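The file model-v7.pdb contains PDB, C-alpha atoms and all ligand atoms:
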```pdb
ATOM      1  CA  MET M  25      20.835   2.427   8.946
ATOM      2  CA  ASN M  26      17.806   1.756  11.169
ATOM      3  CA  THR M  27      17.628  -1.988  10.741
ATOM      4  CA  ILE M  28      14.625  -3.653  12.362
ATOM      5  CA  GLN M  29      14.136  -7.303  13.251
ATOM      6  CA  ILE M  30      10.850  -9.156  12.768
ATOM      7  CA  LYS M  31      11.046 -12.744  13.977
ATOM      8  CA  ASP M  32      14.019 -14.321  12.106
ATOM      9  CA  LYS M  33      14.409 -11.603   9.440
ATOM     10  CA  LYS M  34      16.046  -8.170   9.229
ATOM     11  CA  PHE M  35      14.554  -5.250   7.307
ATOM     12  CA  VAL M  36      15.871  -1.793   6.372
ATOM     13  CA  PRO M  37      13.940   1.430   5.647
ATOM     14  CA  TYR M  38      12.772   1.617   2.036
ATOM     15  CA  ILE M  39       9.865   4.045   1.411
ATOM     16  CA  ASP M  40       9.044   6.727   3.964
ATOM     17  CA  ARG M  41       5.580   7.875   4.987
ATOM     18  CA  LYS M  42       5.845  11.207   3.136
ATOM     19  CA  LYS M  43       6.571   9.512  -0.187
ATOM     20  CA  ILE M  44       3.714   7.067   0.435
ATOM     21  CA  GLN M  45       1.225   9.889   1.102
ATOM     22  CA  GLU M  46       2.349  11.882  -1.947
ATOM     23  CA  ALA M  47       1.908   8.834  -4.174
ATOM     24  CA  ILE M  48      -1.567   8.170  -2.724
ATOM     25  CA  GLN M  49      -2.672  11.742  -3.399
ATOM     26  CA  LYS M  50      -1.675  11.411  -7.066
ATOM     27  CA  VAL M  51      -3.583   8.140  -7.489
ATOM     28  CA  ALA M  52      -6.644   9.563  -5.708
ATOM     29  CA  ALA M  53      -6.653  12.595  -8.012
ATOM     30  CA  ARG M  54      -6.770  10.308 -11.067
ATOM     31  CA  ILE M  55      -9.605   8.240  -9.588
ATOM     32  CA  ASN M  56     -11.559  11.388  -8.671
ATOM     33  CA  GLU M  57     -11.269  12.554 -12.272
ATOM     34  CA  ASP M  58     -11.902   9.203 -14.000
ATOM     35  CA  LEU M  59     -14.834   7.977 -11.915
ATOM     36  CA  ALA M  60     -16.766  11.172 -11.111
ATOM     37  CA  GLY M  61     -20.526  10.616 -11.348
ATOM     38  CA  GLN M  62     -20.230   6.789 -11.155
ATOM     39  CA  ASN M  63     -20.553   6.351  -7.383
ATOM     40  CA  PRO M  64     -17.831   3.646  -7.416
ATOM     41  CA  LEU M  65     -17.764   0.914  -4.793
ATOM     42  CA  PHE M  66     -14.253   0.555  -3.353
ATOM     43  CA  ILE M  67     -13.508  -3.031  -2.319
ATOM     44  CA  CYS M  68     -10.662  -3.214   0.187
ATOM     45  CA  VAL M  69      -8.893  -6.585   0.123
ATOM     46  CA  LEU M  70      -8.090  -7.476   3.725
ATOM     47  CA  ASN M  71      -5.910  -7.822   5.567
ATOM     48  CA  GLY M  72      -2.963  -5.989   4.034
ATOM     49  CA  ALA M  73      -4.830  -3.197   2.218
ATOM     50  CA  PHE M  74      -6.624  -1.753   5.239
ATOM     51  CA  VAL M  75      -4.077   1.012   5.880
ATOM     52  CA  PHE M  76      -3.812   2.046   2.226
ATOM     53  CA  ALA M  77      -7.604   1.898   1.777
ATOM     54  CA  ALA M  78      -8.141   4.184   4.784
ATOM     55  CA  ASP M  79      -5.709   6.789   3.446
ATOM     56  CA  LEU M  80      -6.817   6.489  -0.193
ATOM     57  CA  PHE M  81     -10.529   6.660   0.597
ATOM     58  CA  ARG M  82     -10.083   9.875   2.590
ATOM     59  CA  GLU M  83      -8.520  11.472  -0.509
ATOM     60  CA  ILE M  84     -11.570  10.543  -2.600
ATOM     61  CA  THR M  85     -13.823  13.557  -3.060
ATOM     62  CA  ILE M  86     -16.469  12.094  -5.406
ATOM     63  CA  ASP M  87     -19.580  10.184  -4.271
ATOM     64  CA  SER M  88     -18.380   6.674  -3.443
ATOM     65  CA  GLU M  89     -18.824   3.716  -1.089
ATOM     66  CA  ILE M  90     -16.466   1.216   0.511
ATOM     67  CA  THR M  91     -16.712  -2.430   1.496
ATOM     68  CA  PHE M  92     -14.354  -5.270   2.369
ATOM     69  CA  MET M  93     -13.419  -8.804   1.404
ATOM     70  CA  ARG M  94     -10.627 -10.994   2.737
ATOM     71  CA  MET M  95      -8.246 -13.214   0.766
ATOM     72  CA  LYS M  96      -5.079 -15.071   1.722
ATOM     73  CA  SER M  97      -2.328 -16.511  -0.459
ATOM     74  CA  TYR M  98       0.978 -15.792   1.273
ATOM     75  CA  SER M  99       2.848 -17.873   3.790
ATOM     76  CA  GLY M 100       5.997 -16.266   5.264
ATOM     77  CA  THR M 101       7.731 -14.436   2.404
ATOM     78  CA  GLN M 102       6.340 -16.595  -0.434
ATOM     79  CA  SER M 103       3.130 -16.876  -2.432
ATOM     80  CA  THR M 104       1.592 -20.324  -2.031
ATOM     81  CA  GLY M 105       0.177 -19.922  -5.549
ATOM     82  CA  ARG M 106      -3.273 -20.708  -4.119
ATOM     83  CA  VAL M 107      -5.697 -17.903  -3.317
ATOM     84  CA  LYS M 108      -8.094 -18.660  -0.480
ATOM     85  CA  GLU M 109     -11.250 -16.652   0.114
ATOM     86  CA  ILE M 110     -11.644 -16.031   3.857
ATOM     87  CA  GLN M 111     -14.531 -13.549   3.582
ATOM     88  CA  GLY M 112     -16.451 -12.919   0.380
ATOM     89  CA  LEU M 113     -18.325  -9.882  -0.856
ATOM     90  CA  GLY M 114     -21.852  -9.260   0.454
ATOM     91  CA  GLU M 115     -22.873  -6.410  -1.862
ATOM     92  CA  ASP M 116     -24.741  -6.638  -5.156
ATOM     93  CA  ILE M 117     -22.368  -5.145  -7.753
ATOM     94  CA  THR M 118     -24.545  -5.635 -10.840
ATOM     95  CA  GLU M 119     -23.938  -2.706 -13.246
ATOM     96  CA  ARG M 120     -21.720  -0.928 -10.711
ATOM     97  CA  THR M 121     -18.192   0.417 -11.138
ATOM     98  CA  VAL M 122     -15.968  -1.223  -8.545
ATOM     99  CA  VAL M 123     -12.411  -0.340  -7.529
ATOM    100  CA  VAL M 124     -10.487  -3.229  -5.991
ATOM    101  CA  VAL M 125      -8.038  -1.787  -3.467
ATOM    102  CA  GLU M 126      -4.871  -3.807  -2.861
ATOM    103  CA  ASP M 127      -1.724  -3.044  -0.903
ATOM    104  CA  ILE M 128       0.447  -4.941  -3.390
ATOM    105  CA  VAL M 129       0.276  -6.773  -6.707
ATOM    106  CA  ASP M 130       3.183  -9.224  -6.793
ATOM    107  CA  THR M 131       2.646 -12.478  -8.745
ATOM    108  CA  GLY M 132      -0.824 -11.146  -9.620
ATOM    109  CA  TYR M 133      -2.543 -14.422  -8.611
ATOM    110  CA  THR M 134      -4.682 -12.739  -5.943
ATOM    111  CA  ILE M 135      -5.960  -9.928  -8.137
ATOM    112  CA  GLN M 136      -6.540 -12.295 -11.057
ATOM    113  CA  HIS M 137      -8.647 -14.522  -8.829
ATOM    114  CA  ILE M 138     -10.616 -11.561  -7.436
ATOM    115  CA  LYS M 139     -11.296 -10.143 -10.916
ATOM    116  CA  GLU M 140     -12.603 -13.515 -12.120
ATOM    117  CA  GLN M 141     -14.932 -13.727  -9.126
ATOM    118  CA  LEU M 142     -16.202 -10.179  -9.555
ATOM    119  CA  ARG M 143     -16.709 -10.504 -13.311
ATOM    120  CA  ALA M 144     -19.169 -13.340 -12.699
ATOM    121  CA  ARG M 145     -21.339 -10.852 -10.767
ATOM    122  CA  ASN M 146     -21.833  -8.559 -13.785
ATOM    123  CA  PRO M 147     -20.348  -5.237 -12.670
ATOM    124  CA  LYS M 148     -20.243  -2.336 -15.116
ATOM    125  CA  ASP M 149     -16.479  -1.939 -14.753
ATOM    126  CA  ILE M 150     -13.691  -3.322 -12.556
ATOM    127  CA  ARG M 151     -10.726  -1.063 -11.786
ATOM    128  CA  VAL M 152      -7.730  -2.039  -9.669
ATOM    129  CA  ALA M 153      -5.862   0.373  -7.392
ATOM    130  CA  SER M 154      -2.698  -0.876  -5.712
ATOM    131  CA  LEU M 155      -0.276   0.967  -3.473
ATOM    132  CA  LEU M 156       2.611  -1.170  -4.730
ATOM    133  CA  PHE M 157       3.304  -3.097  -7.912
ATOM    134  CA  LYS M 158       6.224  -5.432  -8.637
ATOM    135  CA  PRO M 159       6.293  -5.651 -12.478
ATOM    136  CA  GLU M 160       9.213  -8.133 -12.448
ATOM    137  CA  ALA M 161       7.291 -10.598 -10.263
ATOM    138  CA  LEU M 162       4.051 -10.620 -12.279
ATOM    139  CA  LYS M 163       2.999 -14.084 -13.469
ATOM    140  CA  CYS M 164      -0.471 -13.265 -14.857
ATOM    141  CA  ASP M 165      -1.883 -11.233 -17.693
ATOM    142  CA  ILE M 166      -3.595  -8.571 -15.574
ATOM    143  CA  LYS M 167      -3.783  -4.795 -15.678
ATOM    144  CA  VAL M 168      -3.405  -2.581 -12.605
ATOM    145  CA  ASP M 169      -5.214   0.658 -13.434
ATOM    146  CA  TYR M 170      -3.925   2.800 -10.568
ATOM    147  CA  VAL M 171      -0.444   2.105  -9.184
ATOM    148  CA  ALA M 172       0.944   4.410  -6.526
ATOM    149  CA  LEU M 173       4.508   3.024  -6.455
ATOM    150  CA  GLU M 174       6.395   0.493  -8.621
ATOM    151  CA  ILE M 175       9.076  -1.494  -6.816
ATOM    152  CA  PRO M 176      11.609  -4.218  -7.713
ATOM    153  CA  ASN M 177      11.081  -7.839  -6.739
ATOM    154  CA  ALA M 178      12.001  -7.854  -3.038
ATOM    155  CA  PHE M 179       9.967  -8.718   0.062
ATOM    156  CA  ILE M 180       8.716  -5.693   1.977
ATOM    157  CA  VAL M 181       6.803  -5.004   5.204
ATOM    158  CA  GLY M 182       5.039  -2.102   6.888
ATOM    159  CA  TYR M 183       2.080   0.171   6.182
ATOM    160  CA  GLY M 184      -0.300  -2.812   6.348
ATOM    161  CA  LEU M 185       2.048  -5.420   4.867
ATOM    162  CA  ASP M 186       3.202  -8.205   7.168
ATOM    163  CA  TYR M 187       5.865 -10.785   7.684
ATOM    164  CA  ASP M 188       4.125 -13.689   9.397
ATOM    165  CA  GLU M 189       1.388 -11.252  10.602
ATOM    166  CA  GLN M 190       3.928  -8.895  12.222
ATOM    167  CA  GLY M 191       4.959  -5.437  11.026
ATOM    168  CA  ARG M 192       1.619  -4.199   9.655
ATOM    169  CA  ASN M 193       1.706  -1.280  12.119
ATOM    170  CA  LEU M 194       4.967   0.204  10.821
ATOM    171  CA  LYS M 195       4.383   3.707   9.449
ATOM    172  CA  ASP M 196       7.043   3.369   6.733
ATOM    173  CA  ILE M 197       7.804   0.525   4.323
ATOM    174  CA  TYR M 198      10.885  -1.648   4.934
ATOM    175  CA  VAL M 199      12.661  -4.099   2.611
ATOM    176  CA  ILE M 200      14.213  -7.398   3.630
ATOM    177  CA  SER M 201      17.998  -7.252   3.991
ATOM    178  CA  GLU M 202      19.985 -10.314   2.953
TER     179      GLU M 202
HETATM  180  O1  LIG E   1       0.066 -10.711  -6.288
HETATM  181  P1  LIG E   1       0.148 -11.782  -5.236
HETATM  182  O2  LIG E   1       1.437 -12.570  -5.363
HETATM  183  O3  LIG E   1      -1.057 -12.657  -5.218
HETATM  184  O4  LIG E   1       0.306 -11.057  -3.837
HETATM  185  C1  LIG E   1      -0.526 -10.034  -3.412
HETATM  186  C2  LIG E   1      -1.345 -10.412  -2.234
HETATM  187  O5  LIG E   1      -0.496 -10.788  -1.136
HETATM  188  C3  LIG E   1      -0.898 -10.106   0.032
HETATM  189  O6  LIG E   1      -1.904 -10.814   0.704
HETATM  190  P2  LIG E   1      -1.624 -12.029   1.725
HETATM  191  O7  LIG E   1      -1.977 -13.333   1.100
HETATM  192  O8  LIG E   1      -0.229 -11.906   2.276
HETATM  193  O9  LIG E   1      -2.694 -11.767   2.862
HETATM  194  P3  LIG E   1      -2.798 -10.494   3.830
HETATM  195  O10 LIG E   1      -3.360  -9.372   3.003
HETATM  196  O11 LIG E   1      -3.744 -10.937   4.893
HETATM  197  O12 LIG E   1      -1.428 -10.178   4.355
HETATM  198  C4  LIG E   1      -1.447  -8.792  -0.496
HETATM  199  O13 LIG E   1      -2.328  -8.185   0.426
HETATM  200  C5  LIG E   1      -2.130  -9.199  -1.772
HETATM  201  O14 LIG E   1      -3.491  -9.544  -1.555
HETATM  202  N1  LIG E   2       4.461  -8.418   3.282
HETATM  203  C1  LIG E   2       4.407  -8.688   1.987
HETATM  204  N2  LIG E   2       3.349  -9.293   1.471
HETATM  205  C2  LIG E   2       3.368  -9.515   0.130
HETATM  206  N3  LIG E   2       2.439 -10.101  -0.643
HETATM  207  C3  LIG E   2       2.915 -10.087  -1.878
HETATM  208  N4  LIG E   2       4.126  -9.523  -1.942
HETATM  209  C4  LIG E   2       4.412  -9.156  -0.685
HETATM  210  C5  LIG E   2       5.550  -8.503  -0.098
HETATM  211  O1  LIG E   2       6.561  -8.138  -0.743
HETATM  212  N5  LIG E   2       5.468  -8.298   1.243
END
```

Would you give me this structure, written as structure tokens?
Amino acid sequence: MNTIQIKDKKFVPYIDRKKIQEAIQKVAARINEDLAGQNPLFICVLNGAFVFAADLFREITIDSEITFMRMKSYSGTQSTGRVKEIQGLGEDITERTVVVVEDIVDTGYTIQHIKEQLRARNPKDIRVASLLFKPEALKCDIKVDYVALEIPNAFIVGYGLDYDEQGRNLKDIYVISE
């Protein structure tokens, strides 16, 4: 097994790049069908989602736009339970369909917070697209409209996701090994 070390933790291969790309293509096809004619604004939640957003957005074939916001709630391998806005949204989203693009929905605190913020700005519709979803870890009553891959409750890195800011550049996804 190709174990890798990031700082004090070991990780093993979990989801390879081919499976990731196949899952993204399926999600993109659903978005292309559901949101055709709406010129949706994709909102990539930095930092983690930048790799997923780049691959997803290039599979989108309908008229659409993309922008970015930055939130932070994790420290090491744990959610702090507090969601901090590092960079807010500049665009006017009144009466627009927006698609929030996340790398992962875990406790759900981040996406819940973002949806509350966006709702106050009177969009037409808010959809959520996430590469990964951990149903067993969810602590909020939120819906994720487009999930590429469901995973159990274990800490992962790679493909944009970090451990202590390291590992975002890994092409595949790795899971922590005990
Ligand atoms: O569902 P939750 O438990 O709220 O976790 C999900 C959030 O955690 C990660 O962000 P993080 O705070 O690690 O910042 P980062 O994107 O800069 O890595 C990820 O990008 C999500 O935004
Ligand atoms: N790197 C990383 N960030 C997360 N943010 C929420 N869950 C996770 C996870 O499993 N890994």

**Request:** Would you please work out which residue, of M:Glu89, M:Asp127, M:Glu202, M:Asp58, is nearest to ligand LIG 2 (chain E) when using only C-alpha atoms and all ligand atoms?
**Result:**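 With only C-alpha atoms and all ligand atoms as the atom set, the closest residue is M:Asp127.
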
Could you build a table of the residues in chain M lying no more than 10 Å from ligand LIG 2 (chain E), giving for each the nearest pair of atoms and their separation in Å rounded to one decimal place, using all atoms listed in the file, ordered by chain and ascending residue number, as CSV?
```
residue,atom,partner,partner_atom,distance
M:Gly72,CA,E:LIG2,N2,7.6
M:Lys96,CA,E:LIG2,N3,9.3
M:Ser97,CA,E:LIG2,N3,8.0
M:Tyr98,CA,E:LIG2,N3,6.2
M:Ser99,CA,E:LIG2,N2,8.9
M:Gly100,CA,E:LIG2,N1,8.2
M:Thr101,CA,E:LIG2,N5,6.6
M:Gln102,CA,E:LIG2,C3,7.5
M:Ser103,CA,E:LIG2,C3,6.8
M:Glu126,CA,E:LIG2,N3,9.9
M:Asp127,CA,E:LIG2,N3,8.2
M:Ile128,CA,E:LIG2,C3,5.9
M:Val129,CA,E:LIG2,C3,6.4
M:Asp130,CA,E:LIG2,N4,5.0
M:Thr131,CA,E:LIG2,C3,7.3
M:Gly132,CA,E:LIG2,C3,8.7
M:Tyr133,CA,E:LIG2,C3,9.7
M:Thr134,CA,E:LIG2,C3,9.0
M:Leu156,CA,E:LIG2,N4,8.9
M:Phe157,CA,E:LIG2,N4,8.8
M:Lys158,CA,E:LIG2,N4,8.1
M:Ala161,CA,E:LIG2,N4,9.0
M:Ile175,CA,E:LIG2,O1,9.3
M:Pro176,CA,E:LIG2,O1,9.5
M:Asn177,CA,E:LIG2,O1,7.5
M:Ala178,CA,E:LIG2,O1,5.9
M:Phe179,CA,E:LIG2,O1,3.5
M:Ile180,CA,E:LIG2,N5,4.2
M:Val181,CA,E:LIG2,N1,4.6
M:Gly182,CA,E:LIG2,N1,7.3
M:Tyr183,CA,E:LIG2,N1,9.4
M:Gly184,CA,E:LIG2,N1,8.0
M:Leu185,CA,E:LIG2,N1,4.2
M:Asp186,CA,E:LIG2,N1,4.1
M:Tyr187,CA,E:LIG2,N1,5.2
M:Asp188,CA,E:LIG2,N1,8.1
M:Glu189,CA,E:LIG2,N1,8.4
M:Gln190,CA,E:LIG2,N1,9.0
M:Gly191,CA,E:LIG2,N1,8.3
M:Arg192,CA,E:LIG2,N1,8.2
M:Ile197,CA,E:LIG2,N1,9.6
M:Tyr198,CA,E:LIG2,N5,9.3
M:Val199,CA,E:LIG2,O1,8.0
M:Ile200,CA,E:LIG2,O1,8.8
```

**Message:** Once the PyMOL selection byres (((chain M and resi 107-120) around 6) and not hetatm) has been evaluated on this model, what residues remain selected, and can you format them as a count of residues only?
**Reply:** 11

**Selection: 8 Å around M:Ala53, only C-alpha atoms, excl. self and same-chain fewer than 4 positions, as a count of residues only** = 4

**Nearest residue to M:Ala172 from the set M:Gln141, M:Thr85, M:Thr27, M:Gln45 (distances using only C-alpha atoms)** =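 For M:Ala172, the nearest of the given residues is M:Gln45.
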
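One distance worth recording is that between atom CA of M:Phe35 and atom CA of M:Pro159, which is 21.4 Å.
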
**Prompt:** Which of these, M:Asp79, M:Asp87, M:Glu160, M:Asp149, has the shortest distance to ligand LIG 1 (chain E) once you count only C-alpha atoms and all ligand atoms?
**Reply:** M:Glu160

**Request:** Write out as a PyMOL selection string the residues lying within 10 Å of M:Leu59, counting only C-alpha atoms and excluding same-chain residues fewer than 4 positions away.
**Result:** chain M and resi 54-55+63-64+86-88+121-123+151

Mind working out the centre and edge lengths of an axis-aligned box for ligand LIG 1 (chain E), all listed atoms inside, 5 Å added to each side, rounded to one decimal in Å and written as lines of an AutoDock Vina configuration file?
```
center_x = -1.2
center_y = -10.8
center_z = -0.7
size_x = 15.2
size_y = 15.1
size_z = 21.2
```

**Message:** Expand the PyMOL selection byres (((chain M and resi 165) around 10) and not hetatm) into the explicit residue set it covers here, and present it as a list in words.
**Reply:**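 So the PyMOL selection byres (((chain M and resi 165) around 10) and not hetatm) ends up selecting Gly132, Tyr133, Gln136, Leu162, Lys163, Cys164, Ile166 and Lys167 of chain M.
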
**Prompt:** Which value, in Å to one decimal, gives the distance between atom CA of M:Leu65 and atom CA of M:Val124?
**Reply:**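 Those two atoms sit 8.5 Å apart.
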
**Fill in**
Students should find that atom CA of M:Ile90 and atom P3 of ligand LIG 1 (chain E) are spaced 18.3 Å

**Minimum-distance residue to M:Val171, chosen among M:Lys33, M:Lys50, M:Arg41, M:Lys139 (using only C-alpha atoms)** =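 Using only C-alpha atoms, M:Val171 sits closest to M:Lys50.
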